[in-house]
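Peer 1: Have a peek at my_file.cif (mmCIF, C-alpha atoms and all ligand atoms).
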data_model
#
loop_
_atom_site.label_atom_id
_atom_site.label_comp_id
_atom_site.auth_asym_id
_atom_site.auth_seq_id
_atom_site.Cartn_x
_atom_site.Cartn_y
_atom_site.Cartn_z
CA MET A 1 2.51 -5.22 31.44
CA ALA A 2 3.62 -4.77 27.85
CA GLU A 3 5.42 -1.96 26.05
CA ILE A 4 4.99 -0.65 22.52
CA THR A 5 7.78 1.32 20.82
CA PHE A 6 6.97 3.17 17.60
CA VAL A 7 9.90 2.45 15.32
CA GLY A 8 8.46 3.47 11.95
CA ALA A 9 5.37 5.11 10.44
CA ALA A 10 5.38 7.67 13.25
CA GLY A 11 5.09 11.17 11.80
CA THR A 12 5.18 9.63 8.31
CA VAL A 13 3.10 7.19 6.25
CA THR A 14 5.70 4.54 5.47
CA GLY A 15 8.09 2.20 7.27
CA SER A 16 5.45 0.68 9.56
CA LYS A 17 7.19 -1.12 12.42
CA HIS A 18 5.88 -1.32 15.97
CA LEU A 19 7.99 -3.12 18.55
CA VAL A 20 6.05 -4.87 21.31
CA GLN A 21 7.81 -6.22 24.41
CA CYS A 22 5.96 -8.51 26.79
CA LYS A 23 7.25 -10.92 29.47
CA GLY A 24 10.75 -11.00 28.05
CA LYS A 25 9.65 -11.56 24.42
CA ARG A 26 9.92 -9.01 21.62
CA PHE A 27 7.93 -8.90 18.42
CA PHE A 28 7.18 -6.47 15.62
CA VAL A 29 3.75 -5.64 14.33
CA ASP A 30 4.58 -5.02 10.66
CA CYS A 31 8.08 -4.61 9.34
CA GLY A 32 7.96 -2.20 6.42
CA LEU A 33 10.32 -0.15 4.33
CA PHE A 34 10.36 3.63 4.36
CA GLN A 35 9.59 4.97 0.87
CA GLY A 36 9.79 8.23 -1.01
CA LEU A 37 12.68 10.59 -1.50
CA GLY A 38 14.37 12.64 1.19
CA ASN A 39 15.49 10.65 4.20
CA ALA A 40 13.75 7.32 3.39
CA ASP A 41 17.06 5.66 2.51
CA ALA A 42 18.74 6.85 5.69
CA LEU A 43 15.77 5.67 7.78
CA ASN A 44 15.89 2.23 6.15
CA HIS A 45 19.60 1.96 6.93
CA ALA A 46 19.32 3.26 10.50
CA PRO A 47 19.87 0.55 13.13
CA LEU A 48 16.81 -0.94 14.82
CA PRO A 49 16.35 -0.29 18.56
CA VAL A 50 16.95 -4.03 19.09
CA GLU A 51 19.23 -6.40 17.15
CA ALA A 52 17.36 -8.39 14.49
CA ARG A 53 18.32 -11.69 16.17
CA GLU A 54 16.74 -10.49 19.42
CA ILE A 55 13.32 -10.10 17.77
CA ASP A 56 11.26 -13.23 18.47
CA ALA A 57 8.39 -12.88 15.94
CA VAL A 58 6.66 -10.57 13.47
CA VAL A 59 2.89 -10.09 13.09
CA VAL A 60 2.13 -8.75 9.60
CA THR A 61 -1.13 -6.90 8.89
CA HIS A 62 -1.03 -6.83 5.07
CA GLY A 63 1.19 -7.25 2.04
CA HIS A 64 2.10 -3.68 1.08
CA ILE A 65 5.83 -2.99 0.88
CA ASP A 66 5.70 -0.28 3.56
CA HIS A 67 4.44 -3.00 5.95
CA VAL A 68 6.49 -6.05 4.88
CA GLY A 69 9.39 -4.71 2.82
CA TYR A 70 11.95 -4.80 5.65
CA LEU A 71 11.41 -8.51 6.48
CA PRO A 72 14.12 -9.91 4.15
CA LYS A 73 16.57 -7.40 5.66
CA LEU A 74 15.55 -8.48 9.16
CA VAL A 75 16.23 -12.11 8.18
CA ARG A 76 19.52 -11.13 6.48
CA ASP A 77 20.53 -9.54 9.80
CA GLY A 78 19.78 -12.64 11.88
CA PHE A 79 16.05 -12.81 12.62
CA ARG A 80 14.86 -16.45 12.74
CA GLY A 81 11.44 -16.30 14.45
CA PRO A 82 7.98 -16.96 13.04
CA ILE A 83 6.30 -14.41 10.74
CA PHE A 84 2.50 -14.45 11.00
CA ALA A 85 0.20 -13.27 8.22
CA THR A 86 -3.22 -14.11 6.79
CA LYS A 87 -3.15 -16.69 3.98
CA PRO A 88 -3.76 -14.21 1.11
CA THR A 89 -1.18 -11.85 2.64
CA ALA A 90 1.38 -14.67 2.73
CA SER A 91 0.86 -15.19 -1.04
CA LEU A 92 1.02 -11.47 -1.70
CA MET A 93 4.24 -11.14 0.33
CA GLN A 94 5.93 -13.59 -2.02
CA ILE A 95 4.93 -11.43 -5.01
CA VAL A 96 5.87 -8.03 -3.58
CA LEU A 97 9.08 -9.15 -1.85
CA ASP A 98 10.35 -10.92 -4.98
CA ASP A 99 9.69 -7.70 -6.87
CA ALA A 100 11.39 -5.61 -4.16
CA ALA A 101 14.50 -7.84 -4.17
CA HIS A 102 14.63 -7.58 -7.95
CA LEU A 103 14.49 -3.76 -7.73
CA GLN A 104 17.17 -3.71 -5.01
CA GLU A 105 19.47 -5.88 -7.15
CA GLU A 106 18.90 -3.61 -10.17
CA LEU A 107 19.75 -0.57 -8.08
CA HIS A 108 22.89 -2.34 -6.93
CA VAL A 109 23.98 -3.14 -10.50
CA HIS A 110 23.21 0.44 -11.52
CA GLY A 111 25.20 1.72 -8.52
CA TYR A 112 28.09 -0.56 -9.45
CA GLN A 113 28.33 1.04 -12.88
CA HIS A 114 28.65 4.47 -11.35
CA SER A 115 30.77 3.87 -8.29
CA HIS A 116 34.01 2.21 -7.29
CA HIS A 117 32.45 1.46 -3.91
CA PRO A 118 28.92 0.24 -4.63
CA PRO A 119 26.70 -0.30 -1.61
CA LEU A 120 25.71 -3.89 -0.88
CA PRO A 121 22.17 -4.64 -2.02
CA PHE A 122 19.78 -4.10 0.87
CA TYR A 123 18.65 -7.69 0.31
CA GLU A 124 18.46 -10.31 -2.40
CA GLU A 125 16.13 -13.05 -3.60
CA ALA A 126 17.74 -15.57 -1.24
CA ASP A 127 16.80 -13.35 1.72
CA VAL A 128 13.20 -13.24 0.48
CA ALA A 129 13.17 -17.05 0.21
CA ALA A 130 14.56 -17.31 3.76
CA ALA A 131 11.90 -14.88 5.04
CA MET A 132 9.09 -16.76 3.29
CA ARG A 133 10.18 -20.01 4.95
CA LEU A 134 9.41 -18.40 8.33
CA VAL A 135 5.82 -17.49 7.40
CA HIS A 136 2.95 -19.06 9.32
CA ALA A 137 -0.28 -18.36 7.42
CA GLN A 138 -3.43 -17.87 9.50
CA ASP A 139 -7.17 -17.58 8.85
CA LEU A 140 -9.13 -14.43 9.60
CA GLY A 141 -11.03 -14.74 12.86
CA GLU A 142 -8.97 -17.62 14.28
CA THR A 143 -7.01 -16.93 17.45
CA PHE A 144 -3.42 -18.16 17.62
CA ASP A 145 -0.71 -18.19 20.27
CA LEU A 146 2.20 -15.78 19.93
CA LEU A 147 5.40 -16.89 21.69
CA GLY A 148 3.44 -18.03 24.73
CA VAL A 149 2.97 -14.39 25.82
CA ALA A 150 0.08 -13.19 23.63
CA ARG A 151 -2.98 -14.32 21.70
CA VAL A 152 -3.57 -12.83 18.25
CA THR A 153 -6.70 -12.65 16.10
CA TYR A 154 -6.74 -11.18 12.60
CA ARG A 155 -9.89 -9.25 11.59
CA ASN A 156 -10.75 -7.94 8.13
CA ALA A 157 -9.36 -4.43 7.54
CA ALA A 158 -10.89 -3.94 4.04
CA HIS A 159 -7.77 -2.25 2.67
CA ILE A 160 -6.45 -4.78 0.11
CA VAL A 161 -6.97 -8.50 -0.43
CA GLY A 162 -5.87 -10.31 2.74
CA SER A 163 -5.48 -7.14 4.80
CA ALA A 164 -6.22 -7.45 8.50
CA PHE A 165 -6.10 -5.52 11.71
CA ALA A 166 -4.48 -7.43 14.55
CA GLN A 167 -6.25 -7.86 17.87
CA ILE A 168 -3.52 -8.81 20.36
CA ASP A 169 -4.23 -9.91 23.94
CA LEU A 170 -1.19 -9.13 26.06
CA ASP A 171 -0.93 -9.78 29.75
CA GLY A 172 -4.49 -8.74 30.60
CA ALA A 173 -4.77 -5.92 28.08
CA ARG A 174 -5.97 -5.89 24.49
CA ALA A 175 -4.17 -3.84 21.85
CA VAL A 176 -5.63 -3.41 18.35
CA PHE A 177 -3.24 -2.52 15.53
CA SER A 178 -5.22 -1.23 12.56
CA GLY A 179 -2.53 -1.87 9.94
CA ASP A 180 -3.97 0.13 7.05
CA LEU A 181 -7.70 0.56 7.42
CA GLY A 182 -9.75 0.36 4.22
CA ARG A 183 -13.21 1.68 3.50
CA TYR A 184 -16.85 0.79 3.74
CA GLY A 185 -18.95 -0.02 0.67
CA ARG A 186 -16.23 -0.85 -1.85
CA PRO A 187 -17.05 -2.92 -4.93
CA LEU A 188 -14.36 -5.61 -4.56
CA LEU A 189 -13.74 -5.82 -0.80
CA PHE A 190 -15.89 -6.54 2.24
CA ASP A 191 -16.41 -3.86 4.93
CA PRO A 192 -13.99 -3.70 7.89
CA ASP A 193 -14.81 -5.97 10.84
CA ALA A 194 -15.96 -4.47 14.15
CA ILE A 195 -13.29 -3.60 16.73
CA GLY A 196 -15.19 -4.88 19.79
CA ALA A 197 -13.31 -4.41 23.08
CA ALA A 198 -9.87 -2.77 23.16
CA ASP A 199 -7.65 -1.07 25.74
CA VAL A 200 -5.29 0.49 23.21
CA ILE A 201 -5.78 1.16 19.49
CA VAL A 202 -2.75 1.92 17.32
CA SER A 203 -4.43 3.40 14.27
CA GLU A 204 -3.19 4.51 10.91
CA SER A 205 -4.17 8.10 10.08
CA THR A 206 -3.22 8.64 6.42
CA TYR A 207 -6.46 10.53 5.72
CA GLY A 208 -7.37 11.43 9.29
CA ASP A 209 -7.92 15.05 8.25
CA ARG A 210 -9.97 14.51 5.09
CA VAL A 211 -13.15 13.14 3.58
CA HIS A 212 -12.62 11.53 0.18
CA PRO A 213 -14.59 13.16 -2.64
CA GLU A 214 -17.29 11.01 -4.20
CA ASP A 215 -16.85 12.15 -7.78
CA SER A 216 -13.86 10.00 -8.71
CA ILE A 217 -15.72 7.71 -11.07
CA ASP A 218 -17.01 10.84 -12.85
CA GLY A 219 -13.47 12.24 -12.93
CA LEU A 220 -12.17 9.04 -14.49
CA HIS A 221 -15.04 9.10 -16.99
CA ALA A 222 -14.12 12.68 -17.94
CA ALA A 223 -10.43 11.75 -18.34
CA LEU A 224 -11.30 8.87 -20.68
CA LEU A 225 -13.65 11.02 -22.79
CA ASP A 226 -10.98 13.72 -22.89
CA ALA A 227 -8.45 11.19 -24.24
CA ILE A 228 -10.83 10.21 -27.02
CA ALA A 229 -11.59 13.86 -27.89
CA ARG A 230 -7.89 14.77 -28.03
CA ASN A 231 -6.81 11.42 -29.48
CA GLY A 232 -4.30 11.24 -26.64
CA ALA A 233 -3.11 8.94 -23.88
CA VAL A 234 -4.37 8.56 -20.32
CA VAL A 235 -1.51 7.45 -18.07
CA ILE A 236 -2.48 6.11 -14.64
CA PRO A 237 0.26 5.40 -12.08
CA ALA A 238 -1.19 2.66 -9.86
CA PHE A 239 0.12 0.16 -7.35
CA ALA A 240 0.60 -3.08 -9.27
CA VAL A 241 -1.17 -5.01 -6.61
CA GLU A 242 -4.91 -4.73 -6.54
CA ARG A 243 -5.24 -1.02 -7.24
CA SER A 244 -4.78 -1.87 -10.91
CA GLN A 245 -7.55 -4.46 -10.72
CA MET A 246 -9.84 -1.97 -8.99
CA LEU A 247 -9.18 0.50 -11.82
CA LEU A 248 -9.83 -2.10 -14.51
CA PHE A 249 -13.11 -2.87 -12.75
CA ALA A 250 -14.07 0.84 -12.69
CA ILE A 251 -13.08 1.35 -16.34
CA GLY A 252 -15.03 -1.78 -17.32
CA ARG A 253 -18.15 -0.39 -15.64
CA LEU A 254 -17.73 2.92 -17.49
CA GLN A 255 -17.20 1.13 -20.81
CA ALA A 256 -20.37 -0.89 -20.25
CA ALA A 257 -22.38 2.24 -19.43
CA ASP A 258 -21.06 4.57 -22.16
CA THR A 259 -20.79 3.30 -25.74
CA LYS A 260 -18.27 6.05 -26.54
CA LEU A 261 -15.78 4.21 -24.31
CA ALA A 262 -16.44 0.71 -25.64
CA GLY A 263 -13.37 -0.51 -27.46
CA LEU A 264 -11.05 2.16 -26.00
CA PRO A 265 -7.71 0.30 -25.80
CA ILE A 266 -6.70 -0.33 -22.20
CA HIS A 267 -3.11 -1.45 -21.46
CA LEU A 268 -2.04 -2.88 -18.13
CA ASP A 269 1.76 -2.74 -17.98
CA SER A 270 2.62 -5.07 -15.11
CA PRO A 271 5.02 -7.97 -14.78
CA MET A 272 2.96 -9.10 -11.78
CA ALA A 273 -0.48 -9.09 -13.43
CA GLU A 274 -0.92 -12.86 -13.61
CA LYS A 275 0.30 -13.42 -10.08
CA VAL A 276 -2.19 -10.88 -8.77
CA ASP A 277 -4.97 -12.51 -10.83
CA ASP A 278 -4.00 -15.82 -9.19
CA LEU A 279 -4.28 -14.16 -5.79
CA PHE A 280 -7.88 -13.15 -6.52
CA ALA A 281 -8.63 -16.61 -7.97
CA ASN A 282 -7.02 -18.57 -5.12
CA PHE A 283 -8.74 -16.67 -2.31
CA PRO A 284 -12.37 -16.23 -3.42
CA ASN A 285 -13.48 -15.63 0.18
CA ALA A 286 -11.07 -12.70 0.58
CA HIS A 287 -13.03 -10.46 -1.79
CA ARG A 288 -16.60 -9.94 -3.00
CA SER A 289 -17.62 -12.10 -5.96
CA LEU A 290 -17.32 -10.41 -9.32
CA PRO A 291 -20.57 -9.57 -11.09
CA ALA A 292 -21.82 -11.78 -13.94
CA GLY A 293 -19.85 -11.25 -17.14
CA CYS A 294 -16.82 -10.01 -15.24
CA ASP A 295 -13.87 -12.40 -14.98
CA ILE A 296 -10.58 -12.27 -13.11
CA ALA A 297 -8.53 -12.00 -16.33
CA THR A 298 -10.10 -8.66 -17.35
CA PHE A 299 -12.14 -7.48 -14.33
CA GLY A 300 -14.83 -6.52 -16.84
CA CYS A 301 -12.56 -4.31 -18.92
CA ASP A 302 -13.12 -4.19 -22.69
CA ASN A 303 -10.18 -4.34 -25.15
CA LEU A 304 -7.59 -5.00 -22.44
CA THR A 305 -3.99 -5.93 -23.27
CA VAL A 306 -1.64 -7.02 -20.49
CA HIS A 307 2.06 -6.29 -20.98
CA ARG A 308 4.19 -8.56 -18.82
CA THR A 309 7.70 -8.63 -20.26
CA ALA A 310 9.99 -5.64 -20.77
CA GLU A 311 9.67 -6.20 -24.55
CA GLU A 312 5.87 -6.07 -24.32
CA SER A 313 6.16 -2.94 -22.19
CA LYS A 314 8.31 -1.22 -24.83
CA GLN A 315 5.57 -1.77 -27.45
CA LEU A 316 3.58 0.85 -25.56
CA ASN A 317 6.08 3.54 -26.62
CA ARG A 318 4.89 3.24 -30.20
CA LEU A 319 1.16 3.52 -29.51
CA LYS A 320 -0.76 6.27 -31.26
CA GLY A 321 -4.30 7.51 -30.73
CA ALA A 322 -6.53 7.44 -27.67
CA HIS A 323 -5.54 4.76 -25.17
CA VAL A 324 -5.08 4.13 -21.46
CA VAL A 325 -1.89 2.88 -19.79
CA ILE A 326 -1.95 1.65 -16.18
CA SER A 327 1.43 0.93 -14.60
CA ALA A 328 3.33 1.00 -11.28
CA SER A 329 4.51 2.52 -9.08
CA GLY A 330 1.49 4.42 -7.83
CA MET A 331 3.56 7.33 -6.49
CA ALA A 332 5.76 7.34 -9.63
CA SER A 333 8.74 6.74 -7.37
CA GLY A 334 10.13 4.02 -9.67
CA GLY A 335 9.12 1.20 -11.96
CA ARG A 336 7.78 1.15 -15.50
CA ILE A 337 5.52 4.16 -15.00
CA LEU A 338 8.61 6.39 -15.28
CA HIS A 339 8.99 5.41 -18.96
CA HIS A 340 5.37 6.30 -19.65
CA LEU A 341 5.64 9.62 -17.82
CA HIS A 342 8.87 10.34 -19.69
CA ASN A 343 6.96 9.69 -22.93
CA HIS A 344 3.82 11.65 -22.18
CA LEU A 345 4.45 14.43 -19.64
CA SER A 346 5.34 16.99 -22.29
CA ASP A 347 2.43 15.99 -24.54
CA ASP A 348 -0.43 18.48 -24.14
CA ASN A 349 -2.89 15.87 -25.44
CA ALA A 350 -2.10 13.47 -22.60
CA VAL A 351 -3.80 13.20 -19.21
CA ILE A 352 -1.97 11.81 -16.16
CA VAL A 353 -4.40 10.51 -13.52
CA PHE A 354 -3.17 9.86 -9.97
CA VAL A 355 -5.49 7.63 -7.98
CA GLY A 356 -3.77 7.12 -4.64
CA TYR A 357 -1.85 8.74 -1.83
CA GLN A 358 1.25 10.62 -3.01
CA GLY A 359 3.88 10.56 -0.26
CA ALA A 360 5.84 13.75 0.38
CA GLY A 361 8.98 13.84 -1.76
CA THR A 362 7.72 11.43 -4.46
CA LEU A 363 7.51 12.39 -8.14
CA GLY A 364 3.74 11.88 -7.90
CA HIS A 365 3.54 14.43 -5.08
CA VAL A 366 5.60 16.94 -7.06
CA LEU A 367 3.39 16.53 -10.15
CA VAL A 368 0.09 16.69 -8.25
CA ASN A 369 1.32 19.93 -6.67
CA GLY A 370 1.72 21.55 -10.08
CA ALA A 371 5.45 21.45 -10.83
CA PRO A 372 6.04 23.15 -14.23
CA SER A 373 8.88 20.75 -15.03
CA VAL A 374 10.43 17.57 -13.58
CA ARG A 375 13.52 15.48 -14.18
CA ILE A 376 13.22 11.84 -15.25
CA TYR A 377 16.22 9.75 -16.34
CA GLY A 378 18.36 12.89 -16.34
CA ASP A 379 16.05 14.75 -18.75
CA THR A 380 14.22 17.92 -17.78
CA LEU A 381 10.64 17.62 -19.01
CA ALA A 382 8.17 20.49 -19.24
CA VAL A 383 4.84 19.34 -17.80
CA ARG A 384 2.27 20.01 -20.53
CA ALA A 385 -0.01 17.02 -19.93
CA LYS A 386 -3.11 17.59 -17.81
CA ILE A 387 -2.53 16.30 -14.25
CA MET A 388 -5.53 14.93 -12.33
CA SER A 389 -5.76 13.53 -8.81
CA LEU A 390 -8.78 11.36 -7.95
CA GLN A 391 -8.63 10.63 -4.22
CA GLY A 392 -11.99 8.85 -4.22
CA PHE A 393 -10.24 5.67 -5.42
CA SER A 394 -8.16 5.57 -2.26
CA ALA A 395 -7.82 2.24 -0.44
CA HIS A 396 -7.42 4.12 2.87
CA ALA A 397 -10.17 5.08 5.30
CA ASP A 398 -11.16 8.75 5.41
CA ARG A 399 -12.62 10.60 8.43
CA ASN A 400 -16.08 9.17 7.81
CA ASP A 401 -14.72 5.62 7.66
CA PHE A 402 -12.71 6.16 10.87
CA THR A 403 -15.78 7.58 12.62
CA ARG A 404 -17.78 4.52 11.62
CA TRP A 405 -15.02 2.07 12.55
CA PHE A 406 -14.28 3.69 15.92
CA GLY A 407 -18.04 3.43 16.55
CA THR A 408 -17.69 -0.38 16.53
CA CYS A 409 -15.45 -0.26 19.62
CA THR A 410 -17.37 -1.28 22.74
CA THR A 411 -14.91 0.17 25.28
CA THR A 412 -13.05 3.48 25.85
CA PRO A 413 -9.48 2.79 24.69
CA HIS A 414 -6.45 5.02 24.41
CA LEU A 415 -5.59 5.75 20.78
CA TYR A 416 -2.17 6.31 19.23
CA ALA A 417 -2.27 7.80 15.74
CA VAL A 418 0.49 6.46 13.47
CA HIS A 419 1.07 6.20 9.71
CA GLY A 420 0.15 9.78 8.79
CA GLU A 421 1.74 13.13 8.15
CA PRO A 422 1.64 15.20 11.38
CA GLU A 423 -1.52 17.17 10.42
CA SER A 424 -3.62 14.10 9.61
CA ALA A 425 -2.37 12.16 12.65
CA THR A 426 -3.23 15.14 14.89
CA ALA A 427 -6.66 15.42 13.25
CA LEU A 428 -7.39 11.73 13.82
CA ALA A 429 -6.36 11.93 17.48
CA ALA A 430 -8.69 14.95 17.87
CA LEU A 431 -11.51 13.04 16.17
CA ALA A 432 -11.15 10.08 18.57
CA HIS A 433 -11.14 12.43 21.55
CA GLN A 434 -13.98 14.72 20.47
CA GLN A 435 -16.34 12.14 18.94
CA ARG A 436 -15.67 9.15 21.18
CA GLY A 437 -14.27 10.67 24.36
CA TRP A 438 -11.12 8.55 24.08
CA THR A 439 -7.73 9.73 25.24
CA ALA A 440 -5.56 10.02 22.16
CA ALA A 441 -2.07 11.05 21.11
CA VAL A 442 0.09 11.20 18.02
CA ALA A 443 2.85 8.57 18.19
CA GLN A 444 6.37 9.97 17.87
CA ARG A 445 9.14 7.84 16.39
CA GLY A 446 11.13 6.24 19.21
CA LEU A 447 8.39 6.74 21.82
CA THR A 448 7.73 3.79 24.15
CA VAL A 449 4.34 3.47 25.83
CA THR A 450 2.97 0.90 28.29
CA VAL A 451 -0.18 -1.15 27.78
ZN ZN A 501 -1.29 -0.56 2.79
#
Go through the file and emit its structure as structure tokens.
Peer 2:
Amino acid sequence: MAEITFVGAAGTVTGSKHLVQCKGKRFFVDCGLFQGLGNADALNHAPLPVEAREIDAVVVTHGHIDHVGYLPKLVRDGFRGPIFATKPTASLMQIVLDDAAHLQEELHVHGYQHSHHPPLPFYEEADVAAAMRLVHAQDLGETFDLLGVARVTYRNAAHIVGSAFAQIDLDGARAVFSGDLGRYGRPLLFDPDAIGAADVIVSESTYGDRVHPEDSIDGLHAALLDAIARNGAVVIPAFAVERSQMLLFAIGRLQAADTKLAGLPIHLDSPMAEKVDDLFANFPNAHRSLPAGCDIATFGCDNLTVHRTAEESKQLNRLKGAHVVISASGMASGGRILHHLHNHLSDDNAVIVFVGYQGAGTLGHVLVNGAPSVRIYGDTLAVRAKIMSLQGFSAHADRNDFTRWFGTCTTTPHLYAVHGEPESATALAALAHQQRGWTAAVAQRGLTVTV
């Protein structure tokens, strides 16, 4: 018998951490940071149900910070076991954790200037290096032993490059952890693998209550034409990792199809751009091949400039005329995008285009919900720019994708819905019950269930 305790991403979409206990061993499936405003900080600082040194291993599903961002902290607190991940995810972890440590250290320095009692940084680069030394990279589809108590197989989850769902055989039962499930029919990624047999499925439910609209490429087209007509900027907050490449690919297709867009200056403001390009180049089997005439440096985008350094980023402040700026973070909760929003939010010729999930409490969420003014860097800014939200670019499964994926399960499992706001988690549990006849429940934080 094994037990699963939902430590994070229960009743919320971030902080994924599921504790599994089996035959005296304990391991996490994912080990992410909570993000967003509100109580995210308190949740990240709350003690784990078990001491870090008593955790024996971690099984990582993919390289997003809300799934891996707590690992350096776990190591800082005494964890020394193996960390399993697919090979592309292992490379991506190095990129995103280095960036996270850098941000934590900046916050610490900033805090030090304003306080006589600055908090210790949550973790530092040395903790990231120590965590990366524990990583055991695995191939998709190959089964490996976990601590002598379980067998694990990674299957393609179609969410980002390297993303996997974990099929874990535990003491006579099979649990499937979806990680973040992607979508079917996407231009750069392969479809999700079939589930096959499972006794328990722990499934994300970010969009369990919605079907993504199909008109996003048209919406993006309209935003770009609008920028040209008004001679203004299009600012797109996007996750630095992969979402930016997906956008470049979409913009490139639009530029090729509409001569009015050819030559429109596109600026990718990302210190990680080259590293992410390397990720695509180094793992050609982890994504679909790019069409002819489309290379990894531009993803088919015409007139693209990549801004890597802070100096290069500042050049964007002086740009005039119609242009597009893509920068992180995707929920505008930090990073370089704040400078661009500070510059353009009060400009009625600008368009701000959100292309991903906006977690409750983030600046992105506030803007998408129509706030008349917001505060950035201590300044109150009237929102005069047009705000658009194009959910069709989402990297997360919607109800149709879940229906299709659940249909690949050959047994009648019990489903726990995690990684969703309460309404979407409840909707996904209802979907599994009504369409598949499965028993299903919404996972509550702190709940322990047996498998
Ligand atoms: Zn993710």
Peer 1: Using all atoms listed in the file, what table do you get, as JSON lines, when you list each residue of chain A with an atom no more than 10 Å from ligand ZN 501 (chain A), its nearest pair of atoms, and their distance in Å rounded to one decimal, rows by chain then rising number?
Peer 2:
{"residue": "A:Val13", "atom": "CA", "partner": "A:ZN501", "partner_atom": "ZN", "distance": 9.6}
{"residue": "A:Thr14", "atom": "CA", "partner": "A:ZN501", "partner_atom": "ZN", "distance": 9.1}
{"residue": "A:Ser16", "atom": "CA", "partner": "A:ZN501", "partner_atom": "ZN", "distance": 9.6}
{"residue": "A:Thr61", "atom": "CA", "partner": "A:ZN501", "partner_atom": "ZN", "distance": 8.8}
{"residue": "A:His62", "atom": "CA", "partner": "A:ZN501", "partner_atom": "ZN", "distance": 6.7}
{"residue": "A:Gly63", "atom": "CA", "partner": "A:ZN501", "partner_atom": "ZN", "distance": 7.2}
{"residue": "A:His64", "atom": "CA", "partner": "A:ZN501", "partner_atom": "ZN", "distance": 4.9}
{"residue": "A:Ile65", "atom": "CA", "partner": "A:ZN501", "partner_atom": "ZN", "distance": 7.8}
{"residue": "A:Asp66", "atom": "CA", "partner": "A:ZN501", "partner_atom": "ZN", "distance": 7.0}
{"residue": "A:His67", "atom": "CA", "partner": "A:ZN501", "partner_atom": "ZN", "distance": 7.0}
{"residue": "A:Val68", "atom": "CA", "partner": "A:ZN501", "partner_atom": "ZN", "distance": 9.7}
{"residue": "A:His159", "atom": "CA", "partner": "A:ZN501", "partner_atom": "ZN", "distance": 6.7}
{"residue": "A:Ile160", "atom": "CA", "partner": "A:ZN501", "partner_atom": "ZN", "distance": 7.2}
{"residue": "A:Ser163", "atom": "CA", "partner": "A:ZN501", "partner_atom": "ZN", "distance": 8.1}
{"residue": "A:Gly179", "atom": "CA", "partner": "A:ZN501", "partner_atom": "ZN", "distance": 7.4}
{"residue": "A:Asp180", "atom": "CA", "partner": "A:ZN501", "partner_atom": "ZN", "distance": 5.1}
{"residue": "A:Leu181", "atom": "CA", "partner": "A:ZN501", "partner_atom": "ZN", "distance": 8.0}
{"residue": "A:Gly182", "atom": "CA", "partner": "A:ZN501", "partner_atom": "ZN", "distance": 8.6}
{"residue": "A:Glu204", "atom": "CA", "partner": "A:ZN501", "partner_atom": "ZN", "distance": 9.8}
{"residue": "A:Ala395", "atom": "CA", "partner": "A:ZN501", "partner_atom": "ZN", "distance": 7.8}
{"residue": "A:His396", "atom": "CA", "partner": "A:ZN501", "partner_atom": "ZN", "distance": 7.7}
{"residue": "A:His419", "atom": "CA", "partner": "A:ZN501", "partner_atom": "ZN", "distance": 10.0}
Peer 1: For Asp226 (chain A), list every protein, DNA or RNA residue within 12 Å, evaluated using only C-alpha atoms, and leave out those in the same chain fewer than 3 positions away; present the list as number ranges by chain.
Peer 2: A: 219-223, 229-234, 260-261, 264, 322-324, 348-353, 385-386, 388
Peer 1: What does the distance between CA of Ala126 (chain A) and CA of Leu74 (chain A) come to in Å, to one decimal place?
Peer 2: 12.8 Å
Peer 1: Extract, using all atoms listed in the file, all DNA, RNA and protein residues at most 9 Å from Asn400 (chain A), discarding same-chain residues fewer than 4 positions from it, and format them as a list in words.
Peer 2: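 Neighbouring residues, sequence-local ones excluded: Arg210, Val211, His212, Arg404 and Trp405 of chain A.
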Peer 1: In Å, rounded to a single decimal, give me how far CA of Leu316 (chain A) is from CA of Gly263 (chain A).
Peer 2: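 Separation of CA of Gly263 (chain A) and CA of Leu316 (chain A): 17.1 Å.
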Peer 1: Take CA of His102 (chain A) and CA of Tyr123 (chain A) and report the distance between them in Å, one decimal.
Peer 2: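 Atom-to-atom, CA of His102 (chain A) and CA of Tyr123 (chain A) are spaced 9.2 Å apart.
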Peer 1: Name the closest residue to Asp41 (chain A) among the candidates A:Asp278, A:Ser216, A:Phe122, A:Glu3; distances are taken between atoms, counting only C-alpha atoms.
Peer 2: A:Phe122
Peer 1: Using all atoms listed in the file, collect all residues at a distance of at most 12 Å from (7.9, -3.3, -23.2) as written in the file, then present them as a PyMOL selection string.
Peer 2: chain A and resi 267-271+306-319+327+336-337+339-340
